[in-house]
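Chemist: Sending over a structure as structure tokens; questions will come in a sec.
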Amino acid sequence: MSARPLRVVGRPVPRVDALEKVTGRARYVTDLIVPGMAHAKVLRSPYAHARVRRVDVRRARALPGVFAALAGADLTWCDPYYGPAYRDRPVLAIDVVRYEGEPVAAVAAVDEATAEAALELIDVDYEPLAAAMTLEAALAPGAPLVHAGQPPAGHFADLSTLRPEPGTNICHRFDFARGDAEAALAAADVVVEDAYRFPSVQHVAMEPHAVLAAWDETSALTLWASTQNPYSVRVELAKMFDVPLARIRVVVPHLGGGFGSKTYAKLEPLAATLARAAGRPVRLAASIPEAFQTVRRCASRVAVRVGFRRDGTLLAVECDADYDVGAYADIGPRVVQKGTYTATGPYRVAHVRLAARAVYTNTTPGGAFRGFGVPQLAWALESLFDVAAERLGRDPVDLRRQNFLAHGEEFAPGDTPIDGKLEESLGRAAEAIGWSQTGAADRGRGVAAMLKASVAPSVSEAIVRLHTDGSVTVLASAVEMGQGTRTVLAQITAEVLSVALDRVTVVQPDTAVTPYDQTTSSSRSTAMTGRAVQVAAEDVREQLLDIAARSLGIATRDLALADGAIVSPGRRLTYAEALVARFGMSGGELIGRGVIAPGRTAAPLGGSTPFWEMAVGAAEVSVDRETGAVRVERYVSVADVGRAINPLSLEGQDEGGVVQGLGHTLLEEMLYADGHLLNGTLLVYRIPRADDAPAELECRFVENADGSGPFGAKGAGEGSLIPVSPAVANALARLTGVRLRDLPLTPERVWRALRSSQRTDAR
Amino acid sequence: MKLQVIVNGRAHELEIDAHALLLDVLRDGLGLKGAKRSCDAQVCGACTVLVDGLAVSACTYLAIEADGREVLTVEGLAEGESLHPLQRAFIDAGAVQCGFCTSGMLLTARAMLAENARPTRADVLHYLRGSLCRCTGYRKIVDAVMAVAETPR
């Protein structure tokens, strides 16, 4: 068969779920009702760190309308600990609370008001303890220990190499080196170094975490959960309750945003525990303030030294990064090692020494958030690249271009060679922002680049079913959280099987029905789940060709699929006819299977990334010198995506990524004082509004079909966010001469920096 | 107490608590799940519905305040199977991602267009200050609203 032009893939088709979403018919977890359902509320710790001497839930339990009231000490009938890296997190606090907002007791009652009233009846006796609220405090000699003992490892094989430092708050160390960074820095003509801080920020998915859990009469558990990882949740619950995986069913309705906040188990263990104790289905729906007490991005301080030869050649990078993973590790250790692994960015550099530590503090647990540890390091490295350019008397665009890894070049021994052309992205971003033209005097321009590995090794499986009327069901467990994965999977299937898009139905994830998929994160769904779906659809295609070859007496190589039929010149067999030929009139279906499971490799993190996510951002900013307010007037993002399966939704992904990136760049930071989170509500935690977005925002794509995913696609969706902070700060530095190292670039910080630089100038 | 209210053109008489919030009455009492609960603080706009044509945050609006009034939710925006132009424009412009803010965005935009049929882009940005979206970066939402505003009727 000769290659034919793509019909559905590559087209900006509307989302397959758009109609149900604009009509209000799309169902999210909190829209579901199960008969007899109880409502849960959680009593949370008012202290950042305290011994829990006693929790008395008896009066709550006695309140009419209460079905269950639980404290940690009641959980003797299950393993009350969970966590993907370490099983360090109790469902309800046991003996000690480690952060403000930690669940201490929980109630399931006939309605929310009764559950809330019952919480008032719970007595807790706390003995406050000294808390470690910051990286500095947690790493100081004699610091209060967030965890006294060492918890057992979680379920990740690639974290079997967890390296905690007993007797400290360090729960994991990651070190990576090649060449001799120290010697290379000593010999470098120009060395730039500084320390950069990245704040704690919350995902603020518009839908806070929600779970509906129900045990049935056979003691099987079903959860409808707002999770990005139904299969990880299933593993956690199977361990907790010692139930076979097959008896736990995790169903995922529409998600109201994820961004990493809904990876791994969050509220599911507590909801399932309450449902068991209450003997009826239980709904647990968090509020936005409770989301702030559930997960956040890992704050960081990063010290980087970068050495260059006079001609601009990058010689060496040293990086010491500390990440604040909060009170429980969650997936923090992996955030730290994955982020640090690409601390050198998309650049060729022979001498490298990277050291990172995941540090427990008495704050909300840190976990996955779009970018997964990379934004923290790109903020440092990309800022320093501009500092170096200035010292070298070089144009920042040229200096980057000179040092980019080339297509096909090795990033690290054993890992996937570079599969994109970043110079193309940079060239297009620079052109679009007008880099070579003189701009307005009151505007500054800056650029930044990024490179990120996806999770590896990882597994995706898919099943495609062709029915007798030629319609198709796709079974896959990539979670639709807004990013458009159901539409992309439908497009891939429609393309391979030559059917109209509206003939394809992608089933929502349900671990009893849809096959294994490791996670919906790491920008992997298009490349990995999409590839599994493509293989499954190709399996169906081969079966169709086989049937047609027999019925028509034509060799399969002379047959092709077109418009719901198997064709060869002058002959045509519809899929319906083919299925009758195969099964008779009683009906049947063709089932295709796709498995993508690349396995472990010699790459430094144990698996070779399925693709490299690469992007460039270019910002044009202005600043109000009276107030210090920075405005991003124009922003261009160019991502190397291999192929845009759906350019409309991809553009939407990257526009959203840029604006989310502007949040931590200009506005957002979770602020703590005296052990308390000061701004854990949307009244005082400001995320970008419509009028905060750049007046001109362009998201473009480099498409060379050089990815390992379907039709040459790579992953996308995180790349646009990562360059935002350094691109904006580089633009601000070029406009004002002021270089800031702490995010967010609040008006106060910028104003103070402008003032102090004026004073310096005056001297 | 008794609440008499017209919701999406249909008259209802309901027995409610004095402190019942409009959002709970719509979602739990009438099964209209399109309006969403998110910030619970009148900031995010996910619960926005129209009361006598004006956008209100149903999460903080007493249901009894709607007594004798007309409420429009996203479920009442289309006329039968015929989508409202804003719904069509949101689909075509790619203004929908996770969808959690979508119903509030649509109703806010409808209220604005009733007030100002020919808004500028700046007007739209201003009007949407009370409607948060974490997915789209807003550009395609504003594009969709402008597409409807600029369509001659």
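Following the order of the structure tokens, chains are lettered A, B, ..., residues in each are numbered from 1, and ligands are numbered from 1.
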Could you list, as a VMD selection string, every residue of chain B that has an atom within 9 Å of an atom of chain A, counting only C-alpha atoms?
Modeler: chain B and resid 27 31 to 44 46 73 to 78 83 86 to 88 90 to 103 106 122 124 to 126 128 to 140 142
Chemist: Which of chain B end up as helix (DSSP H, G or I) when DSSP is run on this backbone - answer as a short mmCIF file (atom, residue, chain, number, x, y, z; two decimals) with N, CA and C atoms, in the first residue's frame?
Modeler:
data_model
loop_
_atom_site.label_atom_id
_atom_site.label_comp_id
_atom_site.auth_asym_id
_atom_site.auth_seq_id
_atom_site.Cartn_x
_atom_site.Cartn_y
_atom_site.Cartn_z
N LEU B 22 -28.45 29.04 46.01
CA LEU B 22 -29.03 28.77 44.70
C LEU B 22 -28.32 27.60 44.01
N LEU B 23 -27.00 27.53 44.19
CA LEU B 23 -26.23 26.46 43.53
C LEU B 23 -26.72 25.08 43.98
N ASP B 24 -26.96 24.93 45.28
CA ASP B 24 -27.42 23.63 45.79
C ASP B 24 -28.83 23.32 45.32
N VAL B 25 -29.67 24.33 45.28
CA VAL B 25 -31.04 24.10 44.82
C VAL B 25 -31.03 23.66 43.35
N LEU B 26 -30.21 24.31 42.55
CA LEU B 26 -30.15 23.94 41.13
C LEU B 26 -29.56 22.54 40.96
N ARG B 27 -28.43 22.29 41.62
CA ARG B 27 -27.71 21.03 41.40
C ARG B 27 -28.42 19.84 42.08
N ASP B 28 -28.76 20.02 43.34
CA ASP B 28 -29.31 18.89 44.09
C ASP B 28 -30.84 18.85 44.02
N GLY B 29 -31.48 20.01 44.06
CA GLY B 29 -32.94 20.04 44.05
C GLY B 29 -33.50 19.79 42.66
N ALA B 63 -30.90 31.10 47.56
CA ALA B 63 -31.90 30.66 46.60
C ALA B 63 -33.16 31.52 46.71
N ILE B 64 -33.49 31.92 47.92
CA ILE B 64 -34.74 32.65 48.12
C ILE B 64 -34.70 34.02 47.43
N GLU B 65 -33.50 34.53 47.21
CA GLU B 65 -33.35 35.79 46.47
C GLU B 65 -33.89 35.67 45.04
N ALA B 66 -33.94 34.44 44.56
CA ALA B 66 -34.44 34.22 43.20
C ALA B 66 -35.95 34.05 43.15
N VAL B 74 -26.89 26.80 32.13
CA VAL B 74 -26.34 26.38 30.82
C VAL B 74 -27.26 25.39 30.14
N GLU B 75 -28.02 24.64 30.92
CA GLU B 75 -28.93 23.66 30.33
C GLU B 75 -30.04 24.34 29.53
N GLY B 76 -30.29 25.61 29.83
CA GLY B 76 -31.36 26.32 29.13
C GLY B 76 -30.86 27.23 28.02
N PRO B 85 -25.60 30.65 19.73
CA PRO B 85 -24.40 31.00 18.96
C PRO B 85 -23.12 30.96 19.80
N LEU B 86 -23.21 31.29 21.09
CA LEU B 86 -22.02 31.23 21.93
C LEU B 86 -21.53 29.79 22.09
N GLN B 87 -22.47 28.87 22.24
CA GLN B 87 -22.07 27.46 22.38
C GLN B 87 -21.38 26.99 21.11
N ARG B 88 -21.96 27.35 19.97
CA ARG B 88 -21.37 26.98 18.67
C ARG B 88 -19.97 27.58 18.56
N ALA B 89 -19.86 28.85 18.93
CA ALA B 89 -18.57 29.55 18.80
C ALA B 89 -17.52 28.96 19.74
N PHE B 90 -17.93 28.57 20.95
CA PHE B 90 -16.97 27.95 21.88
C PHE B 90 -16.43 26.65 21.30
N ILE B 91 -17.31 25.87 20.67
CA ILE B 91 -16.85 24.61 20.06
C ILE B 91 -15.88 24.91 18.91
N ASP B 92 -16.29 25.79 18.03
CA ASP B 92 -15.49 26.04 16.82
C ASP B 92 -14.14 26.69 17.14
N ALA B 93 -14.11 27.56 18.14
CA ALA B 93 -12.88 28.29 18.44
C ALA B 93 -11.93 27.46 19.31
N THR B 102 -16.72 26.18 31.67
CA THR B 102 -17.40 26.53 30.42
C THR B 102 -18.81 27.08 30.63
N SER B 103 -19.60 26.43 31.50
CA SER B 103 -20.97 26.92 31.64
C SER B 103 -20.98 28.34 32.19
N GLY B 104 -20.13 28.61 33.16
CA GLY B 104 -20.05 29.96 33.70
C GLY B 104 -19.57 30.97 32.67
N MET B 105 -18.60 30.57 31.88
CA MET B 105 -18.08 31.45 30.82
C MET B 105 -19.20 31.80 29.83
N LEU B 106 -19.94 30.78 29.41
CA LEU B 106 -21.00 30.99 28.42
C LEU B 106 -22.06 31.95 28.95
N LEU B 107 -22.46 31.75 30.21
CA LEU B 107 -23.53 32.59 30.75
C LEU B 107 -23.04 34.00 31.02
N THR B 108 -21.79 34.12 31.47
CA THR B 108 -21.22 35.45 31.66
C THR B 108 -21.19 36.19 30.33
N ALA B 109 -20.74 35.48 29.29
CA ALA B 109 -20.66 36.11 27.97
C ALA B 109 -22.05 36.50 27.46
N ARG B 110 -23.02 35.65 27.74
CA ARG B 110 -24.37 35.97 27.30
C ARG B 110 -24.88 37.24 28.00
N ALA B 111 -24.62 37.33 29.29
CA ALA B 111 -25.06 38.52 30.03
C ALA B 111 -24.37 39.77 29.49
N MET B 112 -23.08 39.62 29.15
CA MET B 112 -22.36 40.78 28.63
C MET B 112 -22.93 41.22 27.28
N LEU B 113 -23.17 40.25 26.41
CA LEU B 113 -23.67 40.59 25.08
C LEU B 113 -25.07 41.20 25.14
N ALA B 114 -25.84 40.83 26.16
CA ALA B 114 -27.16 41.44 26.32
C ALA B 114 -27.02 42.90 26.70
N GLU B 115 -25.94 43.19 27.43
CA GLU B 115 -25.69 44.56 27.89
C GLU B 115 -25.00 45.38 26.80
N ARG B 121 -12.50 43.89 22.34
CA ARG B 121 -11.77 42.82 23.02
C ARG B 121 -11.47 43.22 24.47
N ALA B 122 -11.16 44.48 24.68
CA ALA B 122 -10.88 44.96 26.04
C ALA B 122 -12.12 44.85 26.91
N ASP B 123 -13.29 45.13 26.34
CA ASP B 123 -14.53 44.98 27.12
C ASP B 123 -14.68 43.54 27.58
N VAL B 124 -14.42 42.60 26.67
CA VAL B 124 -14.58 41.19 27.01
C VAL B 124 -13.61 40.80 28.12
N LEU B 125 -12.36 41.23 27.98
CA LEU B 125 -11.35 40.91 29.01
C LEU B 125 -11.80 41.44 30.37
N HIS B 126 -12.34 42.63 30.35
CA HIS B 126 -12.79 43.22 31.61
C HIS B 126 -13.96 42.41 32.19
N TYR B 127 -14.89 42.06 31.32
CA TYR B 127 -16.08 41.36 31.79
C TYR B 127 -15.75 39.98 32.33
N LEU B 128 -14.71 39.38 31.77
CA LEU B 128 -14.36 38.02 32.18
C LEU B 128 -13.46 37.97 33.42
N ARG B 129 -13.22 39.11 34.06
CA ARG B 129 -12.36 39.11 35.25
C ARG B 129 -12.91 38.23 36.36
N GLY B 130 -14.20 38.02 36.35
CA GLY B 130 -14.80 37.17 37.38
C GLY B 130 -14.99 35.72 36.94
N ARG B 139 -7.37 32.95 25.48
CA ARG B 139 -7.40 33.57 24.16
C ARG B 139 -8.57 33.03 23.32
N LYS B 140 -8.74 31.73 23.34
CA LYS B 140 -9.78 31.13 22.49
C LYS B 140 -11.18 31.42 23.04
N ILE B 141 -11.28 31.62 24.34
CA ILE B 141 -12.57 32.01 24.91
C ILE B 141 -12.94 33.41 24.42
N VAL B 142 -11.98 34.31 24.49
CA VAL B 142 -12.23 35.68 24.02
C VAL B 142 -12.52 35.68 22.52
N ASP B 143 -11.77 34.85 21.78
CA ASP B 143 -12.03 34.73 20.34
C ASP B 143 -13.48 34.30 20.07
N ALA B 144 -13.94 33.33 20.85
CA ALA B 144 -15.30 32.81 20.64
C ALA B 144 -16.33 33.89 20.92
N VAL B 145 -16.13 34.63 22.01
CA VAL B 145 -17.09 35.69 22.34
C VAL B 145 -17.07 36.77 21.27
N MET B 146 -15.87 37.13 20.82
CA MET B 146 -15.78 38.16 19.78
C MET B 146 -16.42 37.69 18.47
N ALA B 147 -16.28 36.41 18.18
CA ALA B 147 -16.87 35.89 16.94
C ALA B 147 -18.39 36.08 16.96
N VAL B 148 -19.00 35.87 18.11
CA VAL B 148 -20.45 36.05 18.23
C VAL B 148 -20.78 37.54 18.20
N ALA B 149 -19.97 38.34 18.90
CA ALA B 149 -20.25 39.78 18.97
C ALA B 149 -20.17 40.42 17.59
N GLU B 150 -19.28 39.91 16.76
CA GLU B 150 -19.07 40.53 15.46
C GLU B 150 -19.99 39.98 14.37
#
Chemist: Using only C-alpha atoms, determine which residues lie at most 10 Å from A:Ala448, disregarding the query and same-chain residues fewer than 2 positions distant; provide the list as an mmCIF file with C-alpha atoms, in the first residue's frame.
Modeler:
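What landed in around.cif:
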data_model
loop_
_atom_site.group_PDB
_atom_site.id
_atom_site.type_symbol
_atom_site.label_atom_id
_atom_site.label_comp_id
_atom_site.auth_asym_id
_atom_site.auth_seq_id
_atom_site.Cartn_x
_atom_site.Cartn_y
_atom_site.Cartn_z
ATOM 1 C CA ALA A 378 15.177 25.932 33.607
ATOM 2 C CA TRP A 379 14.473 29.102 35.593
ATOM 3 C CA LEU A 381 19.929 27.788 33.745
ATOM 4 C CA GLU A 382 18.096 29.925 31.192
ATOM 5 C CA SER A 383 18.522 33.033 33.323
ATOM 6 C CA PHE A 385 22.521 31.803 29.853
ATOM 7 C CA ASP A 386 21.537 35.436 29.386
ATOM 8 C CA PRO A 396 21.454 35.406 23.728
ATOM 9 C CA VAL A 397 19.801 33.812 20.703
ATOM 10 C CA ARG A 400 21.928 29.293 22.603
ATOM 11 C CA LEU A 426 14.392 29.208 18.206
ATOM 12 C CA ALA A 429 10.331 32.268 17.883
ATOM 13 C CA GLY A 446 13.846 37.777 26.085
ATOM 14 C CA MET A 450 13.683 23.929 27.412
ATOM 15 C CA ALA A 615 10.267 24.229 23.107
ATOM 16 C CA VAL A 616 11.329 27.851 22.967
ATOM 17 C CA GLY A 617 9.565 30.872 24.410
ATOM 18 C CA ALA A 618 10.020 34.520 23.471
ATOM 19 C CA ALA A 619 8.552 37.327 25.544
ATOM 20 C CA SER A 637 5.903 29.754 22.036
ATOM 21 C CA ILE A 722 8.705 25.910 31.149
ATOM 22 C CA PRO A 723 10.442 28.760 29.276
ATOM 23 C CA VAL A 724 7.975 31.414 30.473
ATOM 24 C CA SER A 725 9.731 32.532 33.676
ATOM 25 C CA PRO A 726 13.240 32.848 32.261
ATOM 26 C CA ALA A 727 11.994 34.393 28.994
ATOM 27 C CA VAL A 728 10.096 37.054 30.952
ATOM 28 C CA ALA A 729 12.955 37.680 33.403
ATOM 29 C CA ASN A 730 15.456 37.851 30.540
ATOM 30 C CA ALA A 731 13.207 40.392 28.802
#
Chemist: Given the choices B:Asn8, B:Ser57, B:Leu21, B:Leu30, which gets closest to B:Gly80 if the distance is worked out from only C-alpha atoms?
Modeler: B:Asn8
Chemist: Looking only at strand (DSSP E or B) from DSSP on the backbone, list the matching residues of stretch 62-280 of chain A as a PyMOL selection string.
Modeler: chain A and resi 66-71+81-82+86+89-90+94+96-97+103-109+123-128+153+170-178+190-198+210-215+221-225+248-251+254
Chemist: Contacts of A:Thr134 at 8 Å or less, counting only C-alpha atoms, minus same-chain residues fewer than 4 places along, as a short mmCIF file (atom, residue, chain, number, x, y, z; two decimals) with N, CA and C atoms, in the first residue's frame?
Modeler:
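Writing done, so here's out-v8.cif:
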data_model
loop_
_atom_site.label_atom_id
_atom_site.label_comp_id
_atom_site.auth_asym_id
_atom_site.auth_seq_id
_atom_site.Cartn_x
_atom_site.Cartn_y
_atom_site.Cartn_z
N ALA A 138 14.68 23.06 57.41
CA ALA A 138 14.68 21.60 57.39
C ALA A 138 16.07 21.03 57.23
N ASP A 324 11.78 21.31 47.99
CA ASP A 324 10.94 21.16 49.19
C ASP A 324 9.75 20.27 48.81
N THR A 361 9.51 18.95 54.54
CA THR A 361 9.23 20.09 55.42
C THR A 361 7.81 19.90 55.97
#
Chemist: I want to know what sits within 7 Å of A:Arg309, based on only C-alpha atoms, with residues of the same chain fewer than 5 positions away left out; could you give that as an mmCIF file with N, CA and C atoms, in the first residue's frame?
Modeler:
data_model
loop_
_atom_site.group_PDB
_atom_site.id
_atom_site.type_symbol
_atom_site.label_atom_id
_atom_site.label_comp_id
_atom_site.auth_asym_id
_atom_site.auth_seq_id
_atom_site.Cartn_x
_atom_site.Cartn_y
_atom_site.Cartn_z
ATOM 1 N N ALA A 188 37.659 27.448 32.543
ATOM 2 C CA ALA A 188 36.768 28.212 31.659
ATOM 3 C C ALA A 188 37.159 29.690 31.624
ATOM 4 N N ASP A 189 36.911 30.329 30.485
ATOM 5 C CA ASP A 189 37.195 31.769 30.366
ATOM 6 C C ASP A 189 36.172 32.596 31.127
ATOM 7 N N VAL A 190 34.940 32.168 31.061
ATOM 8 C CA VAL A 190 33.871 32.898 31.747
ATOM 9 C C VAL A 190 33.052 31.910 32.573
ATOM 10 N N LEU A 314 29.865 26.163 25.489
ATOM 11 C CA LEU A 314 29.506 25.758 26.851
ATOM 12 C C LEU A 314 30.415 24.609 27.268
ATOM 13 N N LEU A 315 31.103 24.775 28.397
ATOM 14 C CA LEU A 315 32.071 23.757 28.818
ATOM 15 C C LEU A 315 31.575 22.906 29.974
#
Chemist: For the atom pair atom CA of A:Val29 and atom CA of A:Thr227, what is the interatomic distance in Å to one decimal place?
Modeler: 10.0 Å
